[in-house]
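Asker: target33.tsv (TSV, C-alpha atoms) pasted underneath:
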```tsv
chain	number	residue	atom	x	y	z
N	91	MET	CA	-1.13	27.24	31.55
N	92	GLU	CA	1.48	25.41	29.49
N	93	TYR	CA	0.93	24.78	25.81
N	94	LYS	CA	0.79	20.99	26.37
N	95	GLU	CA	-2.11	21.41	28.77
N	96	ILE	CA	-3.90	23.71	26.34
N	97	ILE	CA	-3.47	21.19	23.51
N	98	LYS	CA	-4.70	18.35	25.73
N	99	GLU	CA	-7.72	20.37	26.79
N	100	LYS	CA	-8.63	21.38	23.24
N	101	LEU	CA	-8.19	17.81	21.98
N	102	SER	CA	-10.61	16.55	24.61
N	103	GLU	CA	-13.22	18.98	23.26
N	104	LEU	CA	-13.04	17.46	19.76
N	105	ASN	CA	-15.06	14.44	18.69
N	106	LEU	CA	-12.39	12.15	17.26
N	107	ASP	CA	-14.32	8.87	17.59
N	108	GLU	CA	-14.99	8.41	13.87
N	109	LEU	CA	-11.41	9.34	12.97
N	110	GLU	CA	-10.03	6.87	15.51
N	111	SER	CA	-12.43	4.25	14.12
N	112	ILE	CA	-10.99	4.74	10.62
N	113	LEU	CA	-7.48	4.44	12.01
N	114	ASN	CA	-8.28	1.20	13.82
N	115	ASP	CA	-10.28	-0.37	10.97
N	116	ASN	CA	-8.35	0.71	7.88
N	117	VAL	CA	-4.85	1.82	8.93
N	118	ASN	CA	-3.46	0.36	12.13
N	119	ASP	CA	-4.96	-3.09	11.52
N	120	LYS	CA	-4.12	-3.12	7.80
N	121	GLU	CA	-0.55	-4.28	7.19
N	122	LEU	CA	0.75	-1.59	9.62
N	123	ILE	CA	2.49	0.38	6.87
N	124	PHE	CA	3.16	3.36	9.16
N	125	GLY	CA	2.93	1.49	12.43
N	126	ASP	CA	0.52	2.57	15.16
N	127	ILE	CA	-0.92	5.97	14.20
N	128	SER	CA	-3.00	8.20	16.47
N	129	VAL	CA	-3.74	11.90	16.71
N	130	GLU	CA	-1.99	12.14	20.09
N	131	ASN	CA	1.17	10.42	18.79
N	132	VAL	CA	1.37	12.66	15.72
N	133	ILE	CA	0.85	15.86	17.71
N	134	GLY	CA	3.43	14.67	20.26
N	135	SER	CA	5.95	14.08	17.46
N	136	ILE	CA	5.24	17.56	16.05
N	137	MET	CA	5.85	19.23	19.42
N	138	SER	CA	9.00	17.22	20.17
N	139	GLY	CA	10.39	17.47	16.65
N	140	GLU	CA	10.79	13.68	16.39
N	141	ALA	CA	10.31	11.65	13.21
N	142	LEU	CA	6.84	10.20	12.80
N	143	PHE	CA	8.10	6.87	11.46
N	144	ASP	CA	11.16	4.96	10.31
N	145	THR	CA	11.56	5.21	6.53
N	146	ARG	CA	13.59	2.00	6.35
N	147	GLU	CA	10.89	0.02	8.16
N	148	ILE	CA	8.21	1.42	5.85
N	149	PHE	CA	10.21	0.41	2.79
N	150	THR	CA	10.66	-3.09	4.23
N	151	ARG	CA	6.94	-3.45	4.93
N	152	ILE	CA	6.02	-2.26	1.44
N	153	THR	CA	8.49	-4.69	-0.13
N	154	GLU	CA	7.12	-7.56	1.96
N	155	LEU	CA	3.55	-6.65	1.04
N	156	PHE	CA	4.39	-6.47	-2.68
N	157	THR	CA	6.16	-9.84	-2.53
N	158	TYR	CA	3.18	-11.40	-0.77
N	159	GLU	CA	0.70	-9.99	-3.29
N	160	LEU	CA	2.87	-11.10	-6.21
N	161	LYS	CA	2.99	-14.63	-4.84
N	162	SER	CA	-0.79	-14.67	-4.39
N	163	THR	CA	-1.28	-13.80	-8.07
N	164	LEU	CA	0.97	-16.63	-9.27
N	165	ILE	CA	-1.91	-19.11	-9.17
N	166	ILE	CA	-3.94	-17.36	-11.84
N	167	GLY	CA	-0.76	-16.71	-13.84
N	168	VAL	CA	0.15	-20.42	-13.83
N	169	GLU	CA	-3.41	-21.34	-14.83
N	170	ILE	CA	-3.31	-18.95	-17.78
N	171	ILE	CA	0.10	-20.26	-18.93
N	172	ILE	CA	-1.09	-23.89	-18.74
N	173	ILE	CA	-4.18	-23.10	-20.79
N	174	THR	CA	-2.05	-21.16	-23.29
N	175	MET	CA	0.27	-24.16	-23.64
N	176	LEU	CA	-2.80	-26.35	-24.25
N	177	ILE	CA	-3.99	-24.01	-26.98
N	178	GLY	CA	-0.54	-24.11	-28.61
N	179	LEU	CA	-0.61	-27.92	-28.45
N	180	LEU	CA	-4.06	-28.02	-30.07
N	181	ARG	CA	-2.82	-25.81	-32.89
N	182	SER	CA	0.13	-28.12	-33.47
N	183	LEU	CA	-2.14	-31.17	-33.53
N	184	SER	CA	-4.58	-29.50	-35.90
N	185	SER	CA	-1.82	-28.70	-38.37
N	186	SER	CA	-0.49	-32.27	-38.12
N	187	PHE	CA	-3.75	-34.20	-38.46
N	188	GLY	CA	-5.87	-31.73	-40.37
N	189	GLU	CA	-8.76	-31.75	-37.85
N	190	LYS	CA	-9.08	-27.98	-37.85
N	191	ALA	CA	-12.77	-27.79	-37.00
N	192	VAL	CA	-12.44	-29.74	-33.76
N	193	SER	CA	-9.24	-28.00	-32.73
N	194	ASN	CA	-10.69	-24.56	-33.50
N	195	ILE	CA	-13.66	-25.28	-31.25
N	196	ALA	CA	-11.33	-26.51	-28.51
N	197	MET	CA	-9.13	-23.41	-28.88
N	198	LEU	CA	-12.18	-21.13	-28.76
N	199	VAL	CA	-13.39	-22.82	-25.59
N	200	SER	CA	-9.93	-22.50	-24.03
N	201	THR	CA	-9.69	-18.84	-25.04
N	202	CYS	CA	-13.13	-18.15	-23.59
N	203	PHE	CA	-12.00	-19.79	-20.36
N	204	ILE	CA	-8.96	-17.50	-20.20
N	205	VAL	CA	-11.14	-14.46	-20.93
N	206	GLY	CA	-13.57	-15.50	-18.19
N	207	LEU	CA	-10.71	-16.05	-15.77
N	208	CYS	CA	-9.25	-12.61	-16.55
N	209	MET	CA	-12.60	-10.83	-16.28
N	210	THR	CA	-13.32	-12.49	-12.93
N	211	ASN	CA	-9.95	-11.28	-11.70
N	212	PHE	CA	-10.49	-7.82	-13.16
N	213	ARG	CA	-13.80	-7.60	-11.36
N	214	VAL	CA	-11.80	-7.96	-8.13
N	215	VAL	CA	-9.48	-5.17	-9.33
N	216	TYR	CA	-12.49	-2.97	-10.11
N	217	ASP	CA	-13.97	-3.57	-6.64
N	218	ILE	CA	-10.61	-2.76	-5.00
N	219	ALA	CA	-10.36	0.57	-6.87
N	220	ARG	CA	-14.01	1.49	-6.25
N	221	ASP	CA	-13.88	0.63	-2.55
N	222	SER	CA	-10.59	2.52	-2.12
N	223	VAL	CA	-12.02	5.67	-3.71
N	224	GLY	CA	-15.11	5.34	-1.51
N	225	LEU	CA	-12.99	4.92	1.63
N	226	MET	CA	-10.87	7.96	0.74
N	227	SER	CA	-14.00	10.06	0.13
N	228	ASN	CA	-15.60	8.95	3.40
N	229	THR	CA	-12.35	9.67	5.25
N	230	MET	CA	-12.27	13.20	3.87
N	231	LEU	CA	-15.92	13.78	4.80
N	232	ILE	CA	-15.11	12.68	8.38
N	233	ILE	CA	-11.91	14.74	8.69
N	234	LEU	CA	-13.35	17.99	7.28
N	235	PRO	CA	-15.94	18.52	10.06
N	236	ILE	CA	-13.06	18.21	12.53
N	237	LEU	CA	-10.50	20.31	10.67
N	238	ILE	CA	-12.71	23.19	9.54
N	239	PRO	CA	-13.94	24.24	13.04
N	240	VAL	CA	-10.35	24.06	14.34
N	241	LEU	CA	-9.26	26.16	11.34
N	242	ILE	CA	-11.95	28.74	12.12
N	243	SER	CA	-10.87	28.75	15.79
N	244	THR	CA	-7.35	29.72	14.73
N	245	GLY	CA	-8.74	32.80	13.00
N	246	GLY	CA	-9.32	31.24	9.59
N	247	ILE	CA	-12.92	32.39	9.42
N	248	THR	CA	-12.85	33.20	5.71
N	249	SER	CA	-10.81	30.09	4.89
N	250	GLY	CA	-13.20	27.82	6.76
N	251	GLY	CA	-16.24	29.46	5.24
N	252	LEU	CA	-14.90	29.15	1.70
N	253	LEU	CA	-13.08	25.81	1.79
N	254	SER	CA	-15.72	23.79	3.62
N	255	PRO	CA	-18.43	23.96	0.90
N	256	VAL	CA	-15.86	23.91	-1.93
N	257	ILE	CA	-14.04	20.79	-0.75
N	258	THR	CA	-17.19	18.99	0.41
N	259	GLY	CA	-18.94	19.67	-2.89
N	260	THR	CA	-15.84	18.66	-4.82
N	261	ILE	CA	-15.56	15.33	-2.98
N	262	ALA	CA	-19.22	14.53	-3.59
N	263	ALA	CA	-19.01	15.49	-7.28
N	264	PHE	CA	-15.74	13.65	-7.84
N	265	ASN	CA	-16.99	10.51	-6.12
N	266	THR	CA	-20.09	10.56	-8.34
N	267	VAL	CA	-18.03	11.00	-11.51
N	268	MET	CA	-15.66	8.22	-10.45
N	269	SER	CA	-18.40	5.71	-9.62
N	270	THR	CA	-20.63	6.43	-12.62
N	271	ILE	CA	-18.28	7.39	-15.46
N	272	ILE	CA	-14.53	6.89	-14.96
N	273	LEU	CA	-14.27	3.46	-13.32
N	274	PRO	CA	-17.15	1.94	-15.34
N	275	GLY	CA	-15.51	3.36	-18.48
N	276	VAL	CA	-12.28	1.49	-17.76
N	277	PHE	CA	-14.27	-1.67	-17.00
N	278	ILE	CA	-16.25	-1.44	-20.25
N	279	SER	CA	-13.09	-0.83	-22.29
N	280	THR	CA	-11.54	-3.94	-20.73
N	281	VAL	CA	-14.62	-6.00	-21.67
N	282	PHE	CA	-14.26	-4.75	-25.25
N	283	TYR	CA	-10.60	-5.76	-25.30
N	284	MET	CA	-11.51	-9.24	-24.05
N	285	VAL	CA	-14.26	-9.67	-26.64
N	286	ASN	CA	-11.91	-8.48	-29.35
N	287	SER	CA	-9.36	-11.14	-28.36
N	288	LEU	CA	-11.79	-13.93	-29.30
N	289	ASN	CA	-11.20	-13.33	-33.00
N	290	ASP	CA	-8.32	-12.48	-35.29
N	291	ASP	CA	-9.77	-9.16	-36.48
N	292	SER	CA	-9.53	-5.96	-34.45
N	293	TYR	CA	-13.15	-4.85	-34.57
N	294	ILE	CA	-13.49	-2.80	-31.40
N	295	SER	CA	-9.94	-2.36	-30.11
N	296	ARG	CA	-9.87	1.30	-31.13
N	297	LEU	CA	-13.17	1.96	-29.36
N	298	ALA	CA	-11.85	0.22	-26.24
N	299	SER	CA	-8.64	2.25	-26.40
N	300	PHE	CA	-10.62	5.49	-26.79
N	301	ILE	CA	-12.89	4.75	-23.81
N	302	ARG	CA	-9.95	3.87	-21.57
N	303	SER	CA	-7.95	6.96	-22.60
N	304	ALA	CA	-11.00	9.19	-22.21
N	305	SER	CA	-11.64	7.86	-18.69
N	306	LEU	CA	-8.05	8.51	-17.66
N	307	PHE	CA	-8.10	11.96	-19.27
N	308	LEU	CA	-11.36	12.87	-17.50
N	309	CYS	CA	-9.86	11.80	-14.17
N	310	GLY	CA	-6.79	13.99	-14.78
N	311	ILE	CA	-8.96	16.96	-15.75
N	312	CYS	CA	-11.12	16.59	-12.62
N	313	VAL	CA	-8.09	16.39	-10.33
N	314	THR	CA	-6.47	19.41	-12.01
N	315	ILE	CA	-9.59	21.59	-11.90
N	316	PHE	CA	-10.77	20.64	-8.40
N	317	GLY	CA	-7.26	20.79	-6.92
N	318	GLY	CA	-6.47	24.11	-8.63
N	319	VAL	CA	-9.70	25.74	-7.46
N	320	SER	CA	-9.05	24.65	-3.86
N	321	ILE	CA	-5.48	25.98	-3.91
N	322	ILE	CA	-6.59	29.37	-5.29
N	323	GLN	CA	-9.43	29.62	-2.77
N	324	GLY	CA	-7.00	28.76	0.02
N	325	PHE	CA	-4.53	31.47	-0.99
N	326	VAL	CA	-7.23	34.15	-1.26
N	327	ALA	CA	-8.85	33.20	2.03
N	328	GLU	CA	-5.53	32.99	3.88
N	329	THR	CA	-4.66	36.55	2.87
N	330	THR	CA	-7.98	37.85	4.23
N	331	ASP	CA	-7.64	35.85	7.46
N	332	GLY	CA	-4.13	37.18	7.99
N	333	LEU	CA	-5.43	40.75	7.93
N	334	LEU	CA	-8.24	39.89	10.36
N	335	ILE	CA	-5.88	38.19	12.84
N	336	GLU	CA	-3.37	41.06	12.77
N	337	THR	CA	-6.17	43.61	13.22
N	338	ALA	CA	-7.59	41.73	16.22
N	339	ARG	CA	-4.16	41.33	17.81
N	340	TYR	CA	-3.37	45.02	17.31
N	341	SER	CA	-6.73	46.06	18.79
N	342	VAL	CA	-6.33	43.93	21.91
N	343	ASN	CA	-2.74	45.03	22.42
N	344	ASN	CA	-3.33	48.75	22.04
N	345	PHE	CA	-6.90	49.45	23.13
N	346	VAL	CA	-7.23	47.19	26.18
N	347	PRO	CA	-5.50	49.06	29.03
N	348	ILE	CA	-2.83	47.44	31.23
N	349	VAL	CA	-3.52	43.79	30.41
N	350	GLY	CA	-3.77	44.21	26.63
N	351	GLY	CA	-0.27	42.92	25.95
N	352	PHE	CA	-0.76	39.87	28.18
N	353	ALA	CA	-4.13	39.12	26.56
N	354	ALA	CA	-2.60	39.35	23.08
N	355	ASP	CA	0.18	36.93	24.09
N	356	SER	CA	-2.39	34.52	25.55
N	357	ILE	CA	-4.39	34.66	22.33
N	358	ASP	CA	-1.24	33.94	20.35
N	359	MET	CA	-0.47	30.89	22.51
N	360	VAL	CA	-3.99	29.47	22.15
N	361	ILE	CA	-3.93	30.06	18.39
N	362	MET	CA	-0.57	28.33	18.06
N	363	CYS	CA	-1.84	25.35	20.07
N	364	LEU	CA	-4.95	25.12	17.89
N	365	ARG	CA	-2.77	25.29	14.78
N	366	THR	CA	-0.68	22.43	16.14
N	367	ILE	CA	-3.86	20.40	16.62
N	368	LYS	CA	-5.05	21.33	13.13
N	369	ASN	CA	-1.75	20.32	11.57
N	370	GLY	CA	-1.64	17.09	13.57
N	371	ILE	CA	-5.14	16.06	12.47
N	372	GLY	CA	-4.30	17.06	8.90
N	373	ILE	CA	-1.14	14.93	8.94
N	374	VAL	CA	-3.15	11.99	10.30
N	375	GLY	CA	-5.56	12.49	7.42
N	376	VAL	CA	-2.70	12.47	4.92
N	377	LEU	CA	-1.31	9.26	6.46
N	378	ILE	CA	-4.74	7.63	6.23
N	379	ILE	CA	-5.10	8.61	2.56
N	380	VAL	CA	-1.57	7.37	1.78
N	381	THR	CA	-2.27	4.06	3.53
N	382	LEU	CA	-5.56	3.68	1.67
N	383	LEU	CA	-3.53	4.27	-1.51
N	384	ILE	CA	-0.46	2.12	-0.84
N	385	VAL	CA	-2.21	-1.10	0.15
N	386	PRO	CA	-4.56	-1.40	-2.88
N	387	ILE	CA	-2.08	0.04	-5.38
N	388	ILE	CA	0.52	-2.57	-4.40
N	389	LYS	CA	-2.09	-5.25	-5.05
N	390	LEU	CA	-2.93	-3.73	-8.43
N	391	ILE	CA	0.73	-3.40	-9.44
N	392	ALA	CA	1.35	-7.03	-8.48
N	393	ILE	CA	-1.60	-8.12	-10.63
N	394	ALA	CA	-0.42	-5.94	-13.53
N	395	VAL	CA	3.09	-7.43	-13.31
N	396	MET	CA	1.56	-10.92	-13.39
N	397	TYR	CA	-0.42	-10.11	-16.56
N	398	LYS	CA	2.59	-8.55	-18.26
N	399	ILE	CA	4.79	-11.57	-17.46
N	400	THR	CA	2.17	-14.07	-18.66
N	401	SER	CA	1.72	-11.97	-21.82
N	402	ILE	CA	5.44	-12.23	-22.52
N	403	ILE	CA	5.39	-15.99	-21.89
N	404	ALA	CA	2.25	-16.57	-23.98
N	405	GLU	CA	3.60	-14.98	-27.16
N	406	PRO	CA	6.40	-17.53	-27.83
N	407	LEU	CA	3.87	-20.32	-27.29
N	408	GLY	CA	2.27	-19.31	-30.56
N	409	ASN	CA	-0.84	-17.47	-29.37
N	410	ARG	CA	-0.58	-13.83	-30.31
N	411	GLU	CA	-4.25	-13.07	-29.52
N	412	ILE	CA	-3.97	-14.36	-25.96
N	413	SER	CA	-0.70	-12.48	-25.50
N	414	GLU	CA	-2.29	-9.21	-26.62
N	415	CYS	CA	-5.33	-9.93	-24.44
N	416	LEU	CA	-3.15	-10.38	-21.36
N	417	GLY	CA	-1.10	-7.30	-22.24
N	418	GLN	CA	-4.23	-5.16	-22.51
N	419	MET	CA	-5.50	-6.60	-19.24
N	420	GLY	CA	-2.26	-5.49	-17.60
N	421	ASN	CA	-2.69	-2.01	-19.13
N	422	SER	CA	-6.21	-1.79	-17.73
N	423	VAL	CA	-5.00	-2.69	-14.23
N	424	ILE	CA	-2.26	-0.05	-14.55
N	425	THR	CA	-4.92	2.47	-15.61
N	426	MET	CA	-6.89	1.65	-12.46
N	427	SER	CA	-3.71	2.22	-10.43
N	428	VAL	CA	-3.12	5.61	-12.06
N	429	ILE	CA	-6.72	6.68	-11.40
N	430	LEU	CA	-6.39	5.62	-7.78
N	431	PHE	CA	-3.13	7.57	-7.48
N	432	LEU	CA	-4.63	10.73	-8.99
N	433	THR	CA	-7.61	10.49	-6.64
N	434	SER	CA	-5.39	10.25	-3.58
N	435	MET	CA	-3.28	13.17	-4.80
N	436	MET	CA	-6.36	15.37	-5.05
N	437	PHE	CA	-7.38	14.56	-1.47
N	438	ILE	CA	-3.82	15.14	-0.24
N	439	ILE	CA	-3.86	18.54	-1.98
N	440	PHE	CA	-7.05	19.42	-0.10
N	441	LEU	CA	-5.51	18.48	3.24
N	442	SER	CA	-2.24	20.26	2.39
N	443	VAL	CA	-4.12	23.47	1.64
N	444	ILE	CA	-5.82	23.35	5.05
N	445	ILE	CA	-2.58	22.44	6.84
N	446	GLY	CA	-0.73	25.26	5.09
N	447	ILE	CA	-3.18	27.95	6.17
N	448	GLY	CA	-1.85	29.92	9.11
N	449	VAL	CA	1.50	28.12	9.33
```
Please express what this file holds, its structure, as structure tokens.
Answerer:
Amino acid sequence: MEYKEIIKEKLSELNLDELESILNDNVNDKELIFGDISVENVIGSIMSGEALFDTREIFTRITELFTYELKSTLIIGVEIIIITMLIGLLRSLSSSFGEKAVSNIAMLVSTCFIVGLCMTNFRVVYDIARDSVGLMSNTMLIILPILIPVLISTGGITSGGLLSPVITGTIAAFNTVMSTIILPGVFISTVFYMVNSLNDDSYISRLASFIRSASLFLCGICVTIFGGVSIIQGFVAETTDGLLIETARYSVNNFVPIVGGFAADSIDMVIMCLRTIKNGIGIVGVLIIVTLLIVPIIKLIAIAVMYKITSIIAEPLGNREISECLGQMGNSVITMSVILFLTSMMFIIFLSVIIGIGV
């Protein structure tokens, strides 16, 4: 039996419905960053040695997506600039006519409107980051029950036994920390920055800065610890599995009379085919995670660029508080992007560890 037939037979035994559903719902129908992705196409590219995708086309698609998202954020940017110009005009009129009480109330109302506009937009940013982390976590929880049995079938008994509970527990714990501490911490710090921008004194800016920095630091610590533990477990388990595989191959080859050598070669072929399937599914998982990262992070970067540009424009108009408010809003969006990036890197590390075992 040829290796292509073995791979086709083993693939038919796997339940890939949920994985294909993720591909159709969140990857192939979502801006087509990597084009049409499927497990069969990836495994076929691995066996033929062909490139999975065209790098130039991917760069073009990402550029087009960023341009589109930047254009879609121009509306809120123009609204903020118009309101900032109105506030500057009110300040000029108040200094000319001496009606400071009326103009101060009008400026406060205008500033509150800007703050409300920014917080409404940041709520969208928060939902994008939260949903992306949830999608990545669910994707990993769907891929692991497919990858781990294939890994065990290739002889990675110890690796599968160790990595399955470690990675599953890590994903559940990390998702809980993200949804209850890290992302809400960034949101609360942004609210504090917005409230602080309503007056001239910096009452709670340091507290807001501390909460945001602590949230980012906690995310980095979690990724470092969880990723490091998985890598160490993978190395230890791979060493043990290597000894088991070599022992089994030696036993079949030397203690089974006449057909021992042929049986050992057949086992090697099946194991290599299963490893190809494992690597193919792992690569598909990495592509899904990268797609789930690229699409939202481009949106977040476009929003952050908009806030930074409006902050630069607002300062010459004579409103330092609004300029600082917009600048901090941009920093908060960038923080969300960094957290999203670190999360995806941790999941990619998990998949890379599994892919690397037995190669």
Asker: Using all atoms listed in the file, determine which residues lie at most 9 Å from stretch 405-415 of chain N, disregarding the query and same-chain residues fewer than 3 positions distant; provide the list as number ranges by chain.
Answerer: N: 174-175, 177-179, 181, 201, 204-205, 283-284, 286-290, 398, 400-402, 418-420
Asker: Of the candidates N:Ile233, N:Val223, N:Ile393, N:Leu176, which one gets nearest to N:Val267 if we count all atoms listed in the file?
Answerer: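 Among the listed residues, N:Val223 lies closest to N:Val267.
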Asker: Counting only C-alpha atoms, which residues in stretch 211-290 of chain N sit no more than 10 Å from stretch 376-388 of chain N? For each one, give the nearest pair of atoms and the distance in Å, sorted by chain then residue number, as CSV.
Answerer:
```
residue,atom,partner,partner_atom,distance
N:Val215,CA,N:Pro386,CA,8.9
N:Ile218,CA,N:Pro386,CA,6.6
N:Ala219,CA,N:Pro386,CA,7.3
N:Asp221,CA,N:Pro386,CA,9.5
N:Ser222,CA,N:Leu382,CA,6.4
N:Val223,CA,N:Leu382,CA,8.6
N:Leu225,CA,N:Leu382,CA,7.5
N:Met226,CA,N:Ile379,CA,6.1
N:Ser227,CA,N:Ile379,CA,9.3
N:Thr229,CA,N:Ile379,CA,7.8
N:Met230,CA,N:Ile379,CA,8.6
```
Asker: Which residue out of N:Thr366, N:Ser422, N:Ser427, N:Thr258 has the minimum interatomic distance to N:Thr244 when only C-alpha atoms are used?
Answerer: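 When distances to N:Thr244 are compared using only C-alpha atoms, the smallest one comes from N:Thr366.
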Asker: How far is it from atom CA of N:Val423 to atom CA of N:Ile172, in Å with one decimal?
Answerer: 22.0 Å
Asker: Could you state the separation of atom CA of N:Val428 and atom CA of N:Val374 in Å, given to one decimal place?
Answerer: 23.3 Å
Asker: Between atom CA of N:Ile170 and atom CA of N:Glu154, what is the distance, to one decimal in Å?
Answerer: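 Taking atom CA of N:Ile170 and atom CA of N:Glu154, their separation equals 25.1 Å.
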Asker: Using all atoms listed in the file, which residue out of N:Ala304, N:Leu241, N:Ala262, N:Cys309 lies closest to N:Leu432?
Answerer: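 The shortest atom-to-atom distance to N:Leu432 comes from N:Cys309.
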